[in-house]
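Notes follow once the structure below has been shown.
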Amino acid sequence: MRTEEGGAALHPDVERVLLSEADIHARVAEMGRQITRDYAGKKLLVVGILKGSVIFLSDLMRKIDLPCEIDFICLKSYSGQSSTGVVQLLLDLRESAEGRDLLLVEDIVDTGLTLNYLNQNLMTRKPKSLEICSLLDKPDCRKVRVNAKYVGFKIPNEFVVGYGLDYNEKYRNLPYIGVLKTPARG
Ligand code: IMP
């Protein structure tokens, strides 16, 4: 078992590191370059899904070399470690989505219910284009289909924390993505 991550002691509640800080930064930079190429000549409206995407979004934005605006939307579907299956819109966009090139930025696609709901909701607002960018994807957990154009890492069906992802609002500030020890999830 690793006890250190990038020279810093591993959080005592974390069993192991799934993705190191260096792995994440390298992949986020690649994703930024790909998005920059794909949207050349366009202006993006980057939409962060609160709260899990904030750290990914802030790193990704700095790797996108294009004019872009930022907005946020907040949804809730999780309680502890399980999806409630009901998606609630807690905070809506301030910007109009109509006629804009929207890039939805998410931390993780799990059942797909959140992004499926959001995709349908935002499409009614007539954006010029709408693509999904998620740092993580757990394809084994999918209940509904989601087409994410940009995915950082496919991961196994394990509950992960860090780099914006939480367990009951904890661990978002860990610089790596790790799996919790079982008692920490109790
Ligand atoms: P979905 O609607 O089931 O796809 O879930 C998406 C949301 O569930 C994400 O934005 C996260 O907030 C949360 N989530 C899913 N899996 C995990 C995990 O392993 N760790 C932390 N949050 C997760």
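How things are named: the first chain in the structure tokens is A, the next is B, and so on; residues count from 1 in each chain; ligands count from 1 in the order shown.
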Test item: residues at most 7 Å from Ile73 (chain A), only C-alpha atoms, excluding those fewer than 6 positions along its chain, as a list in words: Val47, Gly48, Ile49, Leu50, Leu91, Asp92 and Leu93 of chain A
Kindly provide, as a PyMOL selection string, all nucleotide and amino acid residues lying within 9 Å of ligand 1, counting only C-alpha atoms and all ligand atoms. chain A and resi 49-53+75-87+106-117+136-138+141-144+146+157-162+164-168+179
Export, as a compact mmCIF listing (two decimals), in the first residue's frame, the selected residues with C-alpha atoms.
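What follows is the written file out18.txt:
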```txt
# COMPACT_ATOMS: atom_id res chain seq x y z
CA ILE A 49 -21.72 21.12 -12.59
CA LEU A 50 -21.44 21.97 -8.90
CA LYS A 51 -19.88 21.04 -6.72
CA GLY A 52 -17.74 18.09 -7.82
CA SER A 53 -16.38 19.62 -11.03
CA LEU A 75 -27.75 19.39 -9.22
CA LYS A 76 -28.26 16.86 -6.49
CA SER A 77 -28.76 13.14 -6.89
CA TYR A 78 -26.42 11.62 -4.33
CA SER A 79 -26.75 10.94 -0.65
CA GLY A 80 -23.63 9.37 0.92
CA GLN A 81 -22.41 6.78 -1.55
CA SER A 82 -25.56 6.08 -3.49
CA SER A 83 -27.55 7.82 -6.15
CA THR A 84 -31.10 8.56 -5.02
CA GLY A 85 -32.21 8.21 -8.65
CA VAL A 86 -34.01 11.55 -8.44
CA VAL A 87 -32.16 14.53 -9.88
CA GLU A 106 -18.62 17.03 -14.79
CA ASP A 107 -16.46 15.19 -12.25
CA ILE A 108 -17.77 11.67 -12.87
CA VAL A 109 -20.40 9.81 -14.86
CA ASP A 110 -21.85 7.00 -12.78
CA THR A 111 -25.47 5.95 -13.42
CA GLY A 112 -25.68 8.69 -16.07
CA LEU A 113 -28.93 10.04 -14.58
CA THR A 114 -27.52 13.50 -13.80
CA LEU A 115 -26.08 14.13 -17.26
CA ASN A 116 -29.04 12.57 -19.01
CA TYR A 117 -31.37 14.93 -17.13
CA LEU A 136 -14.00 10.18 -14.73
CA ASP A 137 -16.32 7.55 -16.10
CA LYS A 138 -17.59 4.43 -14.33
CA CYS A 141 -22.68 1.61 -13.32
CA ARG A 142 -24.60 3.08 -16.22
CA LYS A 143 -28.42 3.05 -16.04
CA VAL A 144 -29.06 5.46 -18.90
CA VAL A 146 -24.74 9.29 -21.88
CA ASN A 157 -16.92 0.55 -9.97
CA GLU A 158 -15.41 1.91 -6.76
CA PHE A 159 -16.41 4.94 -4.73
CA VAL A 160 -13.64 7.52 -5.14
CA VAL A 161 -12.86 10.85 -3.47
CA GLY A 162 -10.50 13.77 -4.01
CA GLY A 164 -13.32 17.77 -6.15
CA LEU A 165 -15.13 14.49 -5.46
CA ASP A 166 -16.58 14.08 -1.99
CA TYR A 167 -18.04 11.65 0.47
CA ASN A 168 -20.66 13.58 2.47
CA VAL A 179 -10.42 4.96 -2.62
```
For the helix (DSSP H, G or I) assignment from backbone DSSP, which residues of region 11-178 of chain A qualify? Please present them as a count of residues only. 40
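Take CA of Glu131 (chain A) and CA of Thr36 (chain A): the distance between them is 13.5 Å.
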What lies within 10 Å of region 65-67 of chain A using only C-alpha atoms, ignoring chain neighbours under 3 positions off, as a count of residues only? 14
Could you tell me how far CA of Leu174 (chain A) lies from CA of Leu60 (chain A), in Å and to one decimal? 17.1 Å
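Note that the spacing between CA of Asp38 (chain A) and CA of Tyr163 (chain A) amounts to 25.5 Å.
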